[in-house]
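What follows is a single structure, written as structure tokens, with notes after it.
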Amino acid sequence: KEAMEKLRPSIKIYFDAYDTNSDGTLSYKEVVEATKKLLGNCDLTDEQISKYCKNMFKGTDTNGDDKLSFEEFFADMMKTVPKEFVKDLKKAEACLASLTE
């Protein structure tokens with residue numbers, strides 16, 4: 001958990017890159033657009049991406065306001081970032097930086 005806290009600034013950069021309207025939250029639409037960018041090379045239909053995002057959003061939006069705050073996003077990342085990235089913070093930060101390019 002302590003190692004993940006060290007990733008907080010890098011994860012915030014990633015979050016902010018996909019907060020396209022700069023309101024400090026991620027809407028469902030912003031999550032879909034970010035996911036399309038991340039999975040652009042995968043053979044997934046818009047319908048498959050939408051279904052994935054709905055499930056992810058539902059599980060991450062803990063207060064039910066139809067937006068993801070950074071804290072909700074970060075808590076989800078703490079559950080899903082591979083443990084090998086946490087062991088190698090430089091690798092994790094490079095990976096997160098590449099996602100925002």
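By order of appearance in the structure tokens: chains A, B, ..., then residues from 1 within every chain, and ligands from 1 in the order shown.
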Quiz item: If we count only C-alpha atoms, what is near region 13-25 of chain A at a cut-off of 7 Å, once residues fewer than 2 positions away on the same chain are taken out, given as a PyMOL selection string?
Solution: chain A and resi 9-11+27+30+34+67-70+96+100
Residues from the last selection, C-alpha atoms, saved as a short mmCIF file (atom, residue, chain, number, x, y, z; two decimals), in the first residue's frame:
data_model
loop_
_atom_site.label_atom_id
_atom_site.label_comp_id
_atom_site.auth_asym_id
_atom_site.auth_seq_id
_atom_site.Cartn_x
_atom_site.Cartn_y
_atom_site.Cartn_z
CA PRO A 9 1.32 11.70 -8.38
CA SER A 10 1.79 9.62 -11.54
CA ILE A 11 -1.72 8.21 -11.34
CA SER A 27 -17.62 11.04 -16.57
CA GLU A 30 -14.48 10.30 -20.55
CA ALA A 34 -9.84 6.85 -22.39
CA LYS A 67 -18.69 10.47 -11.90
CA LEU A 68 -15.36 9.11 -10.77
CA SER A 69 -13.47 11.29 -8.35
CA PHE A 70 -9.71 10.93 -8.21
CA LEU A 96 1.52 5.44 -16.61
CA THR A 100 -1.09 9.80 -21.41
#
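Here CA of Val31 (chain A) is placed at a distance of 8.0 Å from CA of Phe57 (chain A).
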Exercise. May I have the residues within 12 Å of Thr60 (chain A) as a list in words, using only C-alpha atoms and disregarding those fewer than 2 positions away in the same chain?
Key: Leu26, Ser27, Tyr28, Val31, Cys53, Lys54, Asn55, Met56, Phe57, Lys58, Thr62, Asn63, Gly64, Asp65, Asp66, Lys67, Leu68, Ser69, Phe70, Glu71, Glu72, Phe73, Phe74, Ala75, Asp76, Met77, Met78, Lys79 and Thr80 of chain A
Practice problem: Would you please extract all strand (DSSP E) residues from region 15-84 of chain A, as assigned by DSSP on the backbone, and give them as a PyMOL selection string? | Solution: chain A and resi 25-27+67-69
Could you please take those selected residues and save C-alpha atoms as a PDB file, in the first residue's frame?
ATOM      1  CA  THR A  25     -13.929  13.976 -12.178  1.00  0.00           C
ATOM      2  CA  LEU A  26     -14.234  11.398 -14.934  1.00  0.00           C
ATOM      3  CA  SER A  27     -17.620  11.039 -16.571  1.00  0.00           C
ATOM      4  CA  LYS A  67     -18.694  10.468 -11.898  1.00  0.00           C
ATOM      5  CA  LEU A  68     -15.356   9.110 -10.774  1.00  0.00           C
ATOM      6  CA  SER A  69     -13.469  11.287  -8.349  1.00  0.00           C
TER       7      SER A  69
END
Quiz item: Mind pulling up the distance from CA of Tyr52 (chain A) to CA of Arg8 (chain A)?
Solution: 24.4 Å
Exercise. Give the helix (DSSP H, G or I) residues of region 4-93 of chain A, as assigned by DSSP on the backbone, as a PyMOL selection string.
Key: chain A and resi 4-18+28-38+46-60+70-80+83-87+89-93
Exercise. Provide the CA of Asp61 (chain A) to CA of Ile49 (chain A) distance in Å, to one decimal place.
Key: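 If I compute the distance from CA of Asp61 (chain A) to CA of Ile49 (chain A), I get 17.6 Å.
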